[in-house]
Amino acid sequence: MVAACKILNIPIYCTTQNAAKLGATVSELIDILPADTKEVDKTAFSMMVPEITTRLSQQAQAFSSAQYPGSSSSPYSPNQPSYPNQQPNTQPCQILLLGIESHICILQTATDLLSLGHRVYVLTDGVSSCNAGERGIALDRLRMEGCVVTTSESVLFEMLGDAKSEGFREVSKLVREWKDQTKSAVGVLCQGLYGGLEEGKDDKGREQREGKGEGPGSLSRL
């Protein structure tokens with residue numbers, strides 16, 4: 001997602017959680033972040049600390065008349081209608097949210113963003129929790145709070161909107177390069193939520209669950 005955001009000129013905000021005790025951002029991300037990315041260390045669980053909130057507001061205002069790459073239906077277009085919780089004299093943003101942990105920092109950041117009237121997209125293959133069971137519960141809560149819970153590949157092509165869009169070839173190449181990792185990440189999530197519905201085994205898994213009285217689509221294993 002970092003590489004795709006760089007291609008599509010989407011601003012990136014990065015925070016660390018009490019880096020002195022919990023460690024800095026991993027080198028794999030540091031190496032590909034834009035050179036002007038400023039990390040903000042925090043102790044609050046939400047990343048919406050004053051510095052990030054101010055920068056986001058300033059950037060939203062600066063981009064209010066700009067046009068992002070892709071179609072006008074892009075979830076990142078600034079020409080979107082206002083949202084129910086939008087604060088007076090503020091420009092709502094379309095936010096892609098990823099990181100750790102799903103049930104703490106991601107959850108609290110998302111609810112803070114929603115309270116300010118922003119539109120939040122949580123990438124299921126871009127968030128995790130030390131306790132794997134927490135992720136599915138957090139994603140359910142995030143969806144109920146009003147977030148769009150989706151995947152990186154889905155949101156990238158939603159953002160592009162058209163195969164003729166600027167950046168399409170570069171983003172498509174990234175998707176192909178990362179398809180195995182993406183498939184694995186989404187597969188792990190599905191296994192945690194639905195007991196591992198592998199290709200060709202869906203019917204058997206459903207029969208087993210229904211035989212236990214769980215019913216179709218049950219999430220009782222959480």
# chains A, B, ... in the order shown; residues from 1 in each chain; ligands from 1
call {"tool": "select_by_dssp", "arguments": {"residues": "stretch 123-185 of chain A", "states": "strand (DSSP E)", "output": "VMD selection string"}}
result
chain A and resid 123 to 128 148 to 150
call {"tool": "residues_around", "arguments": {"residues": "A:Gly126", "least_positions_apart": "2", "cutoff": "6 Å", "atoms": "only C-alpha atoms", "output": "list in words"}}
result
Leu98, Leu123 and Thr124 of chain A
call {"tool": "write_last_selection", "arguments": {"atoms": "N, CA, C and O atoms", "output": "tab-separated table (two decimals), in the first residue's frame"}}
result
chain	number	residue	atom	x	y	z
A	98	LEU	N	-4.29	1.34	8.16
A	98	LEU	CA	-3.65	0.04	8.32
A	98	LEU	C	-2.58	0.13	9.38
A	98	LEU	O	-2.04	1.19	9.67
A	123	LEU	N	-8.24	-1.69	5.92
A	123	LEU	CA	-7.78	-2.76	5.05
A	123	LEU	C	-7.56	-4.04	5.86
A	123	LEU	O	-6.66	-4.11	6.70
A	124	THR	N	-8.38	-5.04	5.59
A	124	THR	CA	-8.31	-6.26	6.40
A	124	THR	C	-6.98	-6.98	6.27
A	124	THR	O	-6.53	-7.64	7.21
call {"tool": "residues_around", "arguments": {"residues": "A:Val149", "least_positions_apart": "3", "cutoff": "10 Å", "atoms": "only C-alpha atoms", "output": "ChimeraX atom specification"}}
result
/A:97,120-124,139-140,142-144,146,155
call {"tool": "write_last_selection", "arguments": {"atoms": "all heavy atoms", "output": "JSON list (two decimals), in the first residue's frame"}}
result
[["chain", "number", "residue", "atom", "x", "y", "z"],
["A", 97, "LEU", "N", -6.71, 3.09, 6.39],
["A", 97, "LEU", "CA", -6.13, 2.84, 7.70],
["A", 97, "LEU", "C", -5.55, 1.43, 7.76],
["A", 97, "LEU", "O", -6.23, 0.46, 7.46],
["A", 97, "LEU", "CB", -7.21, 3.02, 8.77],
["A", 97, "LEU", "CG", -6.76, 3.14, 10.23],
["A", 97, "LEU", "CD1", -5.78, 4.29, 10.42],
["A", 97, "LEU", "CD2", -7.98, 3.35, 11.13],
["A", 120, "VAL", "N", -13.62, 6.38, 6.51],
["A", 120, "VAL", "CA", -12.50, 5.52, 6.88],
["A", 120, "VAL", "C", -12.61, 4.15, 6.22],
["A", 120, "VAL", "O", -13.63, 3.48, 6.32],
["A", 120, "VAL", "CB", -12.42, 5.33, 8.42],
["A", 120, "VAL", "CG1", -11.21, 4.49, 8.79],
["A", 120, "VAL", "CG2", -12.35, 6.69, 9.12],
["A", 121, "TYR", "N", -11.54, 3.77, 5.53],
["A", 121, "TYR", "CA", -11.43, 2.46, 4.89],
["A", 121, "TYR", "C", -10.39, 1.65, 5.65],
["A", 121, "TYR", "O", -9.21, 2.01, 5.66],
["A", 121, "TYR", "CB", -11.00, 2.60, 3.43],
["A", 121, "TYR", "CG", -12.03, 3.28, 2.55],
["A", 121, "TYR", "CD1", -12.23, 4.66, 2.61],
["A", 121, "TYR", "CD2", -12.81, 2.53, 1.67],
["A", 121, "TYR", "CE1", -13.18, 5.28, 1.82],
["A", 121, "TYR", "CE2", -13.76, 3.16, 0.86],
["A", 121, "TYR", "CZ", -13.94, 4.52, 0.95],
["A", 121, "TYR", "OH", -14.89, 5.14, 0.16],
["A", 122, "VAL", "N", -10.80, 0.57, 6.30],
["A", 122, "VAL", "CA", -9.88, -0.29, 7.03],
["A", 122, "VAL", "C", -9.52, -1.48, 6.15],
["A", 122, "VAL", "O", -10.41, -2.20, 5.68],
["A", 122, "VAL", "CB", -10.51, -0.78, 8.36],
["A", 122, "VAL", "CG1", -9.55, -1.71, 9.09],
["A", 122, "VAL", "CG2", -10.87, 0.40, 9.24],
["A", 123, "LEU", "N", -8.24, -1.69, 5.92],
["A", 123, "LEU", "CA", -7.78, -2.76, 5.05],
["A", 123, "LEU", "C", -7.56, -4.04, 5.86],
["A", 123, "LEU", "O", -6.66, -4.11, 6.70],
["A", 123, "LEU", "CB", -6.49, -2.36, 4.34],
["A", 123, "LEU", "CG", -6.55, -1.03, 3.58],
["A", 123, "LEU", "CD1", -5.28, -0.82, 2.78],
["A", 123, "LEU", "CD2", -7.78, -0.98, 2.67],
["A", 124, "THR", "N", -8.38, -5.04, 5.59],
["A", 124, "THR", "CA", -8.31, -6.26, 6.40],
["A", 124, "THR", "C", -6.98, -6.98, 6.27],
["A", 124, "THR", "O", -6.53, -7.64, 7.21],
["A", 124, "THR", "CB", -9.44, -7.24, 6.00],
["A", 124, "THR", "OG1", -9.33, -7.54, 4.60],
["A", 124, "THR", "CG2", -10.80, -6.62, 6.27],
["A", 139, "LEU", "N", -12.80, -5.97, 13.55],
["A", 139, "LEU", "CA", -13.33, -5.63, 12.23],
["A", 139, "LEU", "C", -14.85, -5.54, 12.24],
["A", 139, "LEU", "O", -15.44, -4.67, 11.58],
["A", 139, "LEU", "CB", -12.86, -6.65, 11.19],
["A", 139, "LEU", "CG", -11.35, -6.63, 10.87],
["A", 139, "LEU", "CD1", -10.98, -7.79, 9.96],
["A", 139, "LEU", "CD2", -10.95, -5.30, 10.24],
["A", 140, "ASP", "N", -15.49, -6.42, 12.99],
["A", 140, "ASP", "CA", -16.94, -6.35, 13.13],
["A", 140, "ASP", "C", -17.34, -5.03, 13.79],
["A", 140, "ASP", "O", -18.29, -4.36, 13.37],
["A", 140, "ASP", "CB", -17.46, -7.53, 13.96],
["A", 140, "ASP", "CG", -17.57, -8.81, 13.16],
["A", 140, "ASP", "OD1", -17.49, -8.75, 11.92],
["A", 140, "ASP", "OD2", -17.72, -9.89, 13.77],
["A", 142, "LEU", "N", -15.58, -2.23, 13.89],
["A", 142, "LEU", "CA", -15.28, -1.13, 12.98],
["A", 142, "LEU", "C", -16.36, -0.97, 11.91],
["A", 142, "LEU", "O", -16.76, 0.14, 11.56],
["A", 142, "LEU", "CB", -13.92, -1.37, 12.32],
["A", 142, "LEU", "CG", -12.70, -1.16, 13.24],
["A", 142, "LEU", "CD1", -11.48, -1.88, 12.68],
["A", 142, "LEU", "CD2", -12.43, 0.32, 13.42],
["A", 143, "ARG", "N", -16.85, -2.10, 11.41],
["A", 143, "ARG", "CA", -17.91, -2.05, 10.41],
["A", 143, "ARG", "C", -19.18, -1.46, 11.02],
["A", 143, "ARG", "O", -19.86, -0.63, 10.38],
["A", 143, "ARG", "CB", -18.18, -3.47, 9.88],
["A", 143, "ARG", "CG", -19.13, -3.53, 8.69],
["A", 143, "ARG", "CD", -19.35, -4.96, 8.23],
["A", 143, "ARG", "NE", -18.15, -5.54, 7.64],
["A", 143, "ARG", "CZ", -17.40, -6.48, 8.21],
["A", 143, "ARG", "NH1", -17.71, -6.94, 9.43],
["A", 143, "ARG", "NH2", -16.34, -6.95, 7.61],
["A", 144, "MET", "N", -19.50, -1.86, 12.23],
["A", 144, "MET", "CA", -20.70, -1.35, 12.89],
["A", 144, "MET", "C", -20.57, 0.15, 13.18],
["A", 144, "MET", "O", -21.56, 0.89, 13.15],
["A", 144, "MET", "CB", -20.97, -2.12, 14.18],
["A", 144, "MET", "CG", -21.48, -3.53, 13.96],
["A", 144, "MET", "SD", -22.03, -4.34, 15.49],
["A", 144, "MET", "CE", -20.46, -4.56, 16.34],
["A", 146, "GLY", "N", -19.17, 2.27, 11.33],
["A", 146, "GLY", "CA", -19.34, 3.03, 10.10],
["A", 146, "GLY", "C", -18.16, 3.02, 9.15],
["A", 146, "GLY", "O", -18.17, 3.72, 8.13],
["A", 155, "VAL", "N", -9.62, -1.85, -2.79],
["A", 155, "VAL", "CA", -9.64, -0.40, -2.67],
["A", 155, "VAL", "C", -8.73, 0.26, -3.70],
["A", 155, "VAL", "O", -9.00, 1.37, -4.17],
["A", 155, "VAL", "CB", -9.27, 0.04, -1.23],
["A", 155, "VAL", "CG1", -7.76, 0.08, -1.02],
["A", 155, "VAL", "CG2", -9.89, 1.38, -0.90]]
call {"tool": "residues_around", "arguments": {"residues": "A:Ser128", "least_positions_apart": "3", "cutoff": "12 Å", "atoms": "only C-alpha atoms", "output": "list in words"}}
result
Leu97, Leu98, Gly99, Ile100, Glu101, Ser102, His103, Ile104, Cys105, Ile106, Leu107, Val122, Leu123, Thr124, Asp125, Asn131, Ala132, Gly133, Glu134, Arg135, Gly136, Ile137, Ala138, Leu139, Ala185, Val186, Val188, Leu189 and Gly192 of chain A
call {"tool": "residues_around", "arguments": {"residues": "A:Ile7", "least_positions_apart": "4", "cutoff": "9 Å", "atoms": "only C-alpha atoms", "output": "PyMOL selection string"}}
result
chain A and resi 2-3+167+170-171
call {"tool": "write_last_selection", "arguments": {"atoms": "N, CA and C atoms", "output": "PDB file, in the first residue's frame"}}
result
ATOM      1  N   VAL A   2       1.982   1.224   0.688  1.00  0.00           N
ATOM      2  CA  VAL A   2       2.877   2.382   0.685  1.00  0.00           C
ATOM      3  C   VAL A   2       3.344   2.679  -0.727  1.00  0.00           C
ATOM      4  N   ALA A   3       3.762   1.640  -1.434  1.00  0.00           N
ATOM      5  CA  ALA A   3       4.228   1.817  -2.811  1.00  0.00           C
ATOM      6  C   ALA A   3       3.110   2.344  -3.701  1.00  0.00           C
ATOM      7  N   GLY A 167      -1.478   5.776 -13.594  1.00  0.00           N
ATOM      8  CA  GLY A 167      -0.987   4.922 -12.521  1.00  0.00           C
ATOM      9  C   GLY A 167      -1.503   3.500 -12.579  1.00  0.00           C
ATOM     10  N   GLU A 170       1.254   0.767 -13.234  1.00  0.00           N
ATOM     11  CA  GLU A 170       2.163   0.594 -12.102  1.00  0.00           C
ATOM     12  C   GLU A 170       1.482  -0.108 -10.931  1.00  0.00           C
ATOM     13  N   VAL A 171       0.227   0.286 -10.653  1.00  0.00           N
ATOM     14  CA  VAL A 171      -0.508  -0.338  -9.548  1.00  0.00           C
ATOM     15  C   VAL A 171      -0.816  -1.799  -9.877  1.00  0.00           C
TER      16      VAL A 171
END
call {"tool": "select_by_dssp", "arguments": {"residues": "stretch 91-122 of chain A", "states": "helix (DSSP H, G or I)", "output": "number ranges by chain"}}
result
A: 102-115
call {"tool": "residues_around", "arguments": {"residues": "A:Leu29", "least_positions_apart": "5", "cutoff": "12 Å", "atoms": "only C-alpha atoms", "output": "list in words"}}
result
Met1, Val2, Ala3, Ile12, Cys14, Thr15, Ala24, Pro34, Ala35, Thr37, Glu39 and Gly99 of chain A
call {"tool": "write_last_selection", "arguments": {"atoms": "N, CA and C atoms", "output": "JSON list (two decimals), in the first residue's frame"}}
result
[["chain", "number", "residue", "atom", "x", "y", "z"],
["A", 1, "MET", "N", 0.82, -1.20, 0.00],
["A", 1, "MET", "CA", 0.00, 0.00, 0.00],
["A", 1, "MET", "C", 0.86, 1.26, 0.00],
["A", 2, "VAL", "N", 1.98, 1.22, 0.69],
["A", 2, "VAL", "CA", 2.88, 2.38, 0.69],
["A", 2, "VAL", "C", 3.34, 2.68, -0.73],
["A", 3, "ALA", "N", 3.76, 1.64, -1.43],
["A", 3, "ALA", "CA", 4.23, 1.82, -2.81],
["A", 3, "ALA", "C", 3.11, 2.34, -3.70],
["A", 12, "ILE", "N", 0.90, 10.13, 3.15],
["A", 12, "ILE", "CA", 1.08, 9.04, 4.11],
["A", 12, "ILE", "C", 1.40, 9.62, 5.49],
["A", 14, "CYS", "N", 2.41, 8.48, 9.43],
["A", 14, "CYS", "CA", 2.99, 7.35, 10.15],
["A", 14, "CYS", "C", 3.22, 7.70, 11.61],
["A", 15, "THR", "N", 2.76, 6.84, 12.51],
["A", 15, "THR", "CA", 2.99, 7.05, 13.93],
["A", 15, "THR", "C", 3.61, 5.82, 14.56],
["A", 24, "ALA", "N", 10.80, 1.12, 17.12],
["A", 24, "ALA", "CA", 10.52, 2.01, 16.00],
["A", 24, "ALA", "C", 9.77, 1.28, 14.89],
["A", 34, "PRO", "N", 8.11, 7.60, 1.73],
["A", 34, "PRO", "CA", 8.64, 8.80, 1.08],
["A", 34, "PRO", "C", 9.63, 9.51, 1.99],
["A", 35, "ALA", "N", 10.63, 10.13, 1.38],
["A", 35, "ALA", "CA", 11.70, 10.76, 2.16],
["A", 35, "ALA", "C", 11.19, 11.84, 3.10],
["A", 37, "THR", "N", 8.40, 11.81, 4.78],
["A", 37, "THR", "CA", 7.47, 11.30, 5.79],
["A", 37, "THR", "C", 7.99, 11.59, 7.19],
["A", 39, "GLU", "N", 7.53, 10.79, 11.02],
["A", 39, "GLU", "CA", 6.91, 9.92, 12.01],
["A", 39, "GLU", "C", 6.57, 10.72, 13.27],
["A", 99, "GLY", "N", -2.29, -1.02, 10.01],
["A", 99, "GLY", "CA", -1.29, -1.05, 11.08],
["A", 99, "GLY", "C", -1.70, -2.00, 12.19]]
call {"tool": "closest_residue", "arguments": {"among": "A:Lys173, A:Thr109, A:Asp180, A:Cys130", "to": "A:Glu145", "atoms": "only C-alpha atoms"}}
result
A:Thr109
call {"tool": "closest_residue", "arguments": {"among": "A:Asn9, A:Thr54, A:Ser46, A:Thr25", "to": "A:Ala110", "atoms": "only C-alpha atoms"}}
result
A:Ser46
call {"tool": "atom_distance", "arguments": {"atom1": "atom CA of A:Arg55", "atom2": "atom CA of A:Lys42"}}
result
15.1 Å
call {"tool": "closest_residue", "arguments": {"among": "A:Ile32, A:Asp112, A:Lys164, A:Ser154", "to": "A:Ala44", "atoms": "only C-alpha atoms"}}
result
A:Asp112
